[in-house]
$ cat run.cif   # mmCIF, C-alpha atoms
data_my_file
loop_
_atom_site.label_atom_id
_atom_site.label_comp_id
_atom_site.auth_asym_id
_atom_site.auth_seq_id
_atom_site.Cartn_x
_atom_site.Cartn_y
_atom_site.Cartn_z
CA MET A 1 31.96 2.19 -15.98
CA PHE A 2 34.97 2.43 -13.67
CA VAL A 3 36.74 -0.57 -15.17
CA HIS A 4 37.77 1.73 -18.03
CA LEU A 5 39.40 4.08 -15.53
CA ALA A 6 41.32 1.19 -14.00
CA ARG A 7 42.56 0.11 -17.42
CA TYR A 8 43.49 3.69 -18.28
CA GLN A 9 45.49 4.08 -15.07
CA GLN A 10 47.32 0.81 -15.69
CA ALA A 11 48.20 1.94 -19.20
CA ALA A 12 49.24 5.40 -18.06
CA LEU A 13 51.61 3.98 -15.47
CA LYS A 14 53.56 2.17 -18.19
CA THR A 15 54.82 5.59 -19.29
CA LEU A 16 55.49 6.90 -15.80
CA GLN A 17 59.20 7.61 -15.39
CA PRO A 18 60.99 6.72 -12.15
CA PRO A 19 61.77 9.71 -9.95
CA ALA A 20 65.29 11.10 -9.79
CA GLU A 21 67.34 9.86 -6.88
CA GLY A 22 66.56 11.75 -3.70
CA THR A 23 63.40 13.32 -5.20
CA ASP A 24 59.98 13.01 -3.66
CA PRO A 25 58.13 10.70 -6.11
CA VAL A 26 54.94 12.72 -5.63
CA LEU A 27 56.52 16.00 -6.70
CA VAL A 28 56.75 15.55 -10.51
CA PRO A 29 53.15 14.37 -11.07
CA LEU A 30 51.88 16.97 -8.62
CA LEU A 31 53.64 19.86 -10.37
CA GLY A 32 52.72 18.37 -13.74
CA LEU A 33 49.04 18.38 -12.76
CA VAL A 34 49.26 22.01 -11.69
CA GLY A 35 51.01 22.96 -14.94
CA GLU A 36 48.63 21.09 -17.22
CA THR A 37 45.59 22.49 -15.40
CA GLY A 38 47.04 25.93 -16.08
CA SER A 39 47.43 24.99 -19.75
CA VAL A 40 43.73 24.15 -19.97
CA ALA A 41 42.85 27.49 -18.40
CA THR A 42 45.20 29.32 -20.78
CA ALA A 43 43.71 27.56 -23.80
CA TYR A 44 40.21 28.52 -22.77
CA LYS A 45 41.33 32.08 -22.03
CA LYS A 46 42.47 32.37 -25.65
CA ARG A 47 39.08 31.17 -26.82
CA LEU A 48 37.36 33.82 -24.70
CA ARG A 49 39.75 36.53 -25.86
CA ASP A 50 39.93 35.70 -29.56
CA GLY A 51 36.60 33.98 -30.14
CA ALA A 52 35.71 30.31 -30.60
CA ASP A 53 36.81 30.28 -34.25
CA SER A 54 40.31 31.61 -33.58
CA GLY A 55 40.86 29.90 -30.22
CA PRO A 56 42.12 26.35 -29.61
CA SER A 57 40.20 23.60 -31.35
CA LYS A 58 38.22 20.91 -29.60
CA GLN A 59 41.05 18.50 -30.42
CA GLN A 60 43.60 20.77 -28.72
CA LEU A 61 41.40 21.09 -25.64
CA ARG A 62 40.99 17.31 -25.62
CA GLU A 63 44.75 16.91 -25.63
CA GLU A 64 45.19 19.36 -22.78
CA LEU A 65 42.53 17.58 -20.70
CA GLY A 66 44.16 14.26 -21.56
CA ASP A 67 47.41 15.51 -20.06
CA VAL A 68 45.53 16.50 -16.91
CA LEU A 69 44.02 13.02 -16.70
CA TRP A 70 47.42 11.37 -17.14
CA TYR A 71 48.92 13.35 -14.29
CA ILE A 72 45.90 12.57 -12.10
CA ALA A 73 46.44 8.87 -12.76
CA ALA A 74 50.15 9.18 -11.99
CA LEU A 75 49.62 11.25 -8.87
CA ALA A 76 46.96 8.84 -7.60
CA HIS A 77 49.44 5.97 -8.08
CA ARG A 78 52.16 7.82 -6.16
CA LEU A 79 49.64 8.36 -3.34
CA ASP A 80 48.62 4.69 -3.37
CA LEU A 81 45.14 5.49 -4.74
CA ASN A 82 43.32 4.33 -7.84
CA LEU A 83 41.00 6.14 -10.21
CA GLU A 84 38.14 3.72 -9.60
CA ASP A 85 37.97 4.62 -5.90
CA ILE A 86 38.51 8.32 -6.61
CA ALA A 87 35.72 8.41 -9.19
CA ALA A 88 33.30 6.45 -7.01
CA ALA A 89 33.99 8.63 -3.96
CA SER A 90 33.63 11.77 -6.07
CA LEU A 91 30.21 10.72 -7.33
CA GLU A 92 29.04 9.89 -3.81
CA LYS A 93 30.25 13.26 -2.54
CA THR A 94 28.54 15.08 -5.41
CA LYS A 95 25.30 13.15 -4.89
CA ASP A 96 25.32 13.98 -1.19
CA ARG A 97 25.85 17.67 -1.91
CA TRP A 98 23.55 18.26 -4.85
CA ARG A 99 20.86 15.57 -4.92
CA ALA A 100 18.21 15.54 -2.20
CA THR A 101 17.14 12.13 -0.94
CA PRO A 102 14.47 10.75 -3.31
CA ASP A 103 11.01 10.14 -1.86
CA SER A 104 11.44 6.41 -2.40
CA GLU A 105 14.51 6.41 -0.10
CA ARG A 106 13.22 8.72 2.61
CA LEU A 107 12.99 7.16 6.07
CA ARG A 108 10.65 8.14 8.87
CA PHE A 109 12.57 8.07 12.10
CA ASP A 110 9.37 7.55 14.11
CA ALA A 111 7.31 5.36 11.78
CA ASP A 112 7.11 2.45 14.23
CA TYR A 113 6.27 4.54 17.28
CA PRO A 114 2.80 5.23 18.77
CA PRO A 115 0.97 8.04 16.91
CA HIS A 116 1.35 10.47 19.81
CA GLU A 117 5.15 10.03 19.62
CA GLN A 118 5.34 10.78 15.90
CA LEU A 119 5.98 14.19 14.43
CA PRO A 120 2.57 15.21 13.06
CA ARG A 121 2.43 14.79 9.30
CA ARG A 122 0.46 18.02 9.03
CA THR A 123 0.16 20.70 11.66
CA THR A 124 0.09 24.46 12.12
CA VAL A 125 2.12 26.46 14.63
CA THR A 126 1.23 30.08 15.41
CA PHE A 127 3.80 32.77 16.29
CA THR A 128 2.08 35.53 18.28
CA PRO A 129 3.84 38.74 19.41
CA THR A 130 3.04 39.43 23.07
CA PRO A 131 3.94 42.73 24.82
CA ARG A 132 5.69 42.61 28.21
CA PRO A 133 5.43 45.17 31.03
CA ASP A 134 8.97 46.38 30.33
CA GLY A 135 7.98 47.44 26.81
CA THR A 136 9.66 44.56 25.01
CA THR A 137 7.84 41.94 22.97
CA THR A 138 8.06 38.19 23.18
CA ILE A 139 6.93 35.60 20.69
CA VAL A 140 4.53 32.98 21.99
CA LEU A 141 4.20 29.73 20.05
CA THR A 142 0.96 27.77 20.14
CA ARG A 143 0.04 24.42 18.67
CA GLU A 144 -2.99 23.74 16.54
CA ASP A 145 -5.15 23.06 19.61
CA GLY A 146 -4.12 26.37 21.18
CA THR A 147 -1.77 24.93 23.80
CA PRO A 148 1.60 26.66 24.28
CA ALA A 149 4.59 25.23 22.43
CA GLY A 150 7.54 25.99 24.66
CA ASP A 151 8.27 29.19 26.53
CA PRO A 152 7.83 32.76 25.23
CA LEU A 153 10.90 33.82 23.28
CA THR A 154 12.93 36.99 22.98
CA SER A 155 15.94 37.39 20.73
CA ALA A 156 18.16 37.17 23.83
CA SER A 157 20.52 39.75 22.35
CA HIS A 158 21.57 43.35 22.99
CA ILE A 159 20.61 44.03 19.37
CA GLU A 160 17.16 43.03 18.13
CA ASP A 161 17.80 40.69 15.22
CA ASP A 162 14.48 38.79 15.37
CA TYR A 163 16.10 35.55 16.44
CA ARG A 164 12.94 35.19 18.54
CA PHE A 165 11.36 33.68 15.40
CA HIS A 166 14.09 31.04 15.13
CA ASP A 167 11.78 28.12 15.91
CA ALA A 168 10.89 28.40 12.22
CA PHE A 169 14.26 26.75 11.58
CA HIS A 170 13.46 23.81 13.84
CA LEU A 171 10.05 23.35 12.26
CA ALA A 172 11.69 23.34 8.83
CA HIS A 173 14.10 20.66 10.03
CA ALA A 174 11.08 18.60 11.04
CA ALA A 175 9.29 19.15 7.73
CA ILE A 176 12.24 18.55 5.41
CA LEU A 177 14.48 16.18 7.37
CA GLY A 178 11.84 14.44 9.46
CA TRP A 179 14.13 15.26 12.39
CA SER A 180 14.09 17.91 15.07
CA PRO A 181 14.53 17.23 18.79
CA VAL A 182 13.43 20.81 19.46
CA SER A 183 10.22 20.39 17.44
CA ARG A 184 9.49 17.12 19.25
CA PHE A 185 9.72 19.04 22.52
CA LEU A 186 7.60 21.93 21.24
CA LEU A 187 4.92 19.66 19.77
CA GLY A 188 4.93 17.19 22.66
CA CYS A 189 5.90 14.10 20.67
CA LYS A 190 9.12 12.88 22.26
CA ARG A 191 9.65 9.13 21.95
CA ARG A 192 9.33 8.30 25.62
CA SER A 193 8.24 4.71 25.01
CA ARG A 194 11.88 3.90 24.30
CA PRO A 195 13.95 5.59 27.02
CA ALA A 196 17.29 5.04 25.26
CA VAL A 197 16.02 6.75 22.09
CA ASP A 198 14.34 9.50 24.10
CA GLU A 199 17.61 10.23 25.87
CA ALA A 200 20.03 9.95 22.93
CA GLU A 201 17.92 11.32 20.06
CA ASP A 202 15.28 13.54 21.69
CA GLY A 203 17.03 14.55 24.90
CA GLY A 204 19.04 17.50 26.11
CA ARG A 205 22.23 16.87 24.17
CA ALA A 206 20.42 16.42 20.84
CA ILE A 207 18.36 19.55 21.56
CA ALA A 208 21.55 21.51 22.35
CA ILE A 209 23.12 20.32 19.10
CA GLU A 210 20.13 21.44 17.05
CA GLU A 211 20.06 24.79 18.84
CA GLY A 212 23.78 25.08 18.14
CA ILE A 213 23.18 24.43 14.45
CA SER A 214 20.46 27.07 14.45
CA ALA A 215 22.78 29.65 16.03
CA LEU A 216 25.69 28.70 13.78
CA VAL A 217 23.67 29.03 10.58
CA PHE A 218 22.09 32.28 11.81
CA SER A 219 25.54 33.78 12.30
CA TYR A 220 26.37 32.89 8.69
CA ALA A 221 22.98 33.99 7.37
CA SER A 222 23.20 37.40 9.09
CA ARG A 223 26.23 38.15 6.91
CA HIS A 224 24.47 36.99 3.73
CA ASN A 225 21.14 38.83 3.83
CA TYR A 226 19.48 35.87 5.55
CA PHE A 227 19.62 33.83 2.34
CA GLU A 228 17.15 36.13 0.59
CA ASP A 229 19.33 36.30 -2.52
CA LEU A 230 21.13 32.97 -2.17
CA ARG A 231 20.09 29.61 -3.52
CA HIS A 232 22.84 27.61 -1.86
CA VAL A 233 24.47 27.23 1.54
CA ASP A 234 28.23 27.31 2.00
CA HIS A 235 29.61 23.78 1.68
CA GLU A 236 31.94 24.15 4.67
CA LEU A 237 28.93 25.06 6.83
CA LEU A 238 27.16 21.88 5.71
CA ILE A 239 30.27 19.84 6.51
CA THR A 240 30.31 21.30 10.03
CA ILE A 241 26.65 20.36 10.49
CA ASP A 242 27.45 16.84 9.27
CA HIS A 243 30.19 16.55 11.89
CA MET A 244 27.92 17.90 14.64
CA THR A 245 25.21 15.33 13.90
CA ALA A 246 27.42 12.35 13.03
CA HIS A 247 26.22 10.31 16.01
CA LEU A 248 22.52 11.07 15.54
CA GLU A 249 19.87 9.42 13.38
CA VAL A 250 19.75 12.45 11.08
CA SER A 251 23.29 11.66 9.94
CA ILE A 252 21.83 9.58 7.09
CA GLN A 253 20.44 12.73 5.50
CA ARG A 254 22.41 14.32 2.69
CA ALA A 255 23.96 17.75 2.61
CA ALA A 256 21.42 18.61 -0.10
CA ASP A 257 18.61 17.78 2.36
CA TRP A 258 20.13 20.08 4.97
CA GLU A 259 20.50 22.84 2.42
CA ARG A 260 16.83 22.54 1.50
CA ALA A 261 15.81 22.55 5.17
CA ILE A 262 17.89 25.67 5.87
CA ILE A 263 16.61 27.60 2.85
CA THR A 264 13.02 26.57 3.67
CA GLY A 265 13.42 27.67 7.27
CA TYR A 266 14.79 31.06 6.31
CA ASN A 267 12.03 31.64 3.77
CA ALA A 268 9.54 31.14 6.62
CA TRP A 269 11.62 33.17 9.11
CA ARG A 270 11.79 36.17 6.78
CA GLN A 271 7.99 36.15 6.41
CA LEU A 272 7.48 35.93 10.18
CA ARG A 273 9.94 38.77 10.61
CA LYS A 274 8.25 40.91 7.97
CA HIS A 275 4.75 40.45 9.39
CA GLY A 276 5.72 40.39 13.06
CA GLY A 277 4.31 36.90 13.46
CA GLY A 278 1.98 34.54 11.66
CA ARG A 279 1.25 30.86 11.19
CA LEU A 280 3.44 28.14 9.74
CA HIS A 281 1.77 25.08 8.26
CA LEU A 282 3.96 22.00 8.13
CA ASP A 283 3.40 19.15 5.69
CA LEU A 284 5.97 16.43 6.30
CA ASP A 285 4.76 14.29 3.41
CA ALA A 286 5.16 17.13 0.92
CA GLN A 287 8.20 18.49 2.79
CA THR A 288 6.86 22.02 2.87
CA VAL A 289 6.50 24.88 5.32
CA THR A 290 3.83 27.39 4.29
CA PHE A 291 3.48 30.85 5.83
CA HIS A 292 0.10 32.42 6.55
CA GLU A 293 -0.27 36.01 7.66
CA PRO A 294 -1.41 36.74 11.23
#

$ encode --input "run.cif" --output "structure tokens"
Amino acid sequence: MFVHLARYQQAALKTLQPPAEGTDPVLVPLLGLVGETGSVATAYKKRLRDGADSGPSKQQLREELGDVLWYIAALAHRLDLNLEDIAAASLEKTKDRWRATPDSERLRFDADYPPHEQLPRRTTVTFTPTPRPDGTTTIVLTREDGTPAGDPLTSASHIEDDYRFHDAFHLAHAAILGWSPVSRFLLGCKRRSRPAVDEAEDGGRAIAIEEGISALVFSYASRHNYFEDLRHVDHELLITIDHMTAHLEVSIQRAADWERAIITGYNAWRQLRKHGGGRLHLDLDAQTVTFHEP
């Protein structure tokens, strides 16, 4: 596939003129790319304005796009890049962003650990509102067997924003990504049989990173109606998460996987918020988090 791009670039460079003396060799192809991209936009604008029949023909649009491609090839050459590498990297980036990891490629981070150190494939966690003497309400999490999962939570804020239900995000990370140091702590399945893994992947730093991701995404979500009307997460936010987790096992997951985990977590969080509590059923094999009313 990409061999054709390499041949095209080689052919295009035969018509590349040497830069004028004292001129940055990148400047002409860079400005040419900007200009030709504008020509494509102008041609399509005419089609929108005047109708497909009176606008530029497919041949004219092909020529305009061909000019764009030529300048891309020339600019890549001036920057010591080639179209093969650019195309391959572009496809990898697009796959990471828009294609979730197929089931056949999904890895279980705890598959070779004792059963009690594995995230449960199916489990239910209950969020129960519990009044306090001072008139405020905490959320108490309990596992399937009725034992507490962590400490009672408030929103820890001057303004009640229901962040007290935020463990829904961690549980969604576990269900979709197969990763969540916080959920391992809550569900009592840290990988203690391997101290180095327990410290680096399930320990305090990893937990702080996941809590940081939760707070970071919540800050973004609070300005976007908590994802109720959005299907996608801002790409820059996903890049930041990628950087935050670069040294952890979850780094092999794609941006598309993170997006799915975030959207799933907020779907559950909004239901918990609406009903003041409830139960979340996790199915790690199906990668689902299902809400049940209190």

$ closest_residue --input "run.cif" --among "A:Gln271, A:Thr245, A:Ser214, A:Thr123" --to "Leu284 (chain A)" --atoms "only C-alpha atoms"
A:Thr123

$ resolve_selection --input "run.cif" --expression "the PyMOL selection byres ((chain A and resi 74-76) around 9)" --output "PyMOL selection string"
chain A and resi 9+12-13+16+25-30+33+69-73+77-83+86

$ residues_around --input "run.cif" --residues "region 253-268 of chain A" --least-positions-apart "4" --cutoff "9 Å" --atoms "all atoms listed in the file" --output "JSON, numbers by chain"
{"A": [95, 96, 97, 98, 99, 100, 101, 106, 166, 167, 168, 169, 170, 171, 172, 173, 174, 175, 176, 177, 217, 221, 226, 227, 228, 230, 231, 232, 233, 234, 235, 238, 239, 241, 242, 249, 272, 273, 280, 287, 288, 289, 290, 291]}

$ closest_residue --input "run.cif" --among "A:Pro148, A:Gly51, A:Gly203, A:Gly135" --to "Leu187 (chain A)" --atoms "all atoms listed in the file"
A:Pro148

$ residues_around --input "run.cif" --residues "Glu144 (chain A)" --least-positions-apart "5" --cutoff "8 Å" --atoms "all atoms listed in the file" --output "PDB file with C-alpha atoms, in the coordinates of the input"
ATOM      1  CA  THR A 123       0.160  20.700  11.660  1.00  0.00           C
ATOM      2  CA  THR A 124       0.090  24.460  12.120  1.00  0.00           C
ATOM      3  CA  VAL A 125       2.120  26.460  14.630  1.00  0.00           C
ATOM      4  CA  THR A 126       1.230  30.080  15.410  1.00  0.00           C
TER       5      THR A 126
END

$ closest_residue --input "run.cif" --among "A:Pro181, A:Gly66, A:Pro133, A:Gly146" --to "Asp110 (chain A)" --atoms "only C-alpha atoms"
A:Pro181

$ closest_residue --input "run.cif" --among "A:Gly35, A:Gly188, A:Pro294, A:Gly278" --to "Gln118 (chain A)" --atoms "all atoms listed in the file"
A:Gly188

$ axis_aligned_box --input "run.cif" --around "region 192-209 of chain A" --padding-each-side "6 Å" --output "JSON"
{"center_x": 15.7, "center_y": 12.7, "center_z": 23.1, "size_x": 26.9, "size_y": 29.6, "size_z": 19.9}

$ residues_around --input "run.cif" --residues "Glu117 (chain A)" --least-positions-apart "3" --cutoff "9 Å" --atoms "all atoms listed in the file" --output "number ranges by chain"
A: 110, 113-114, 120, 184, 188-193

$ atom_distance --input "run.cif" --atom1 "CA of Phe127 (chain A)" --atom2 "CA of Gly276 (chain A)"
8.5 Å

$ closest_residue --input "run.cif" --among "A:Leu48, A:Leu282, A:Ala156, A:Val68" --to "Gly32 (chain A)" --atoms "all atoms listed in the file"
A:Val68
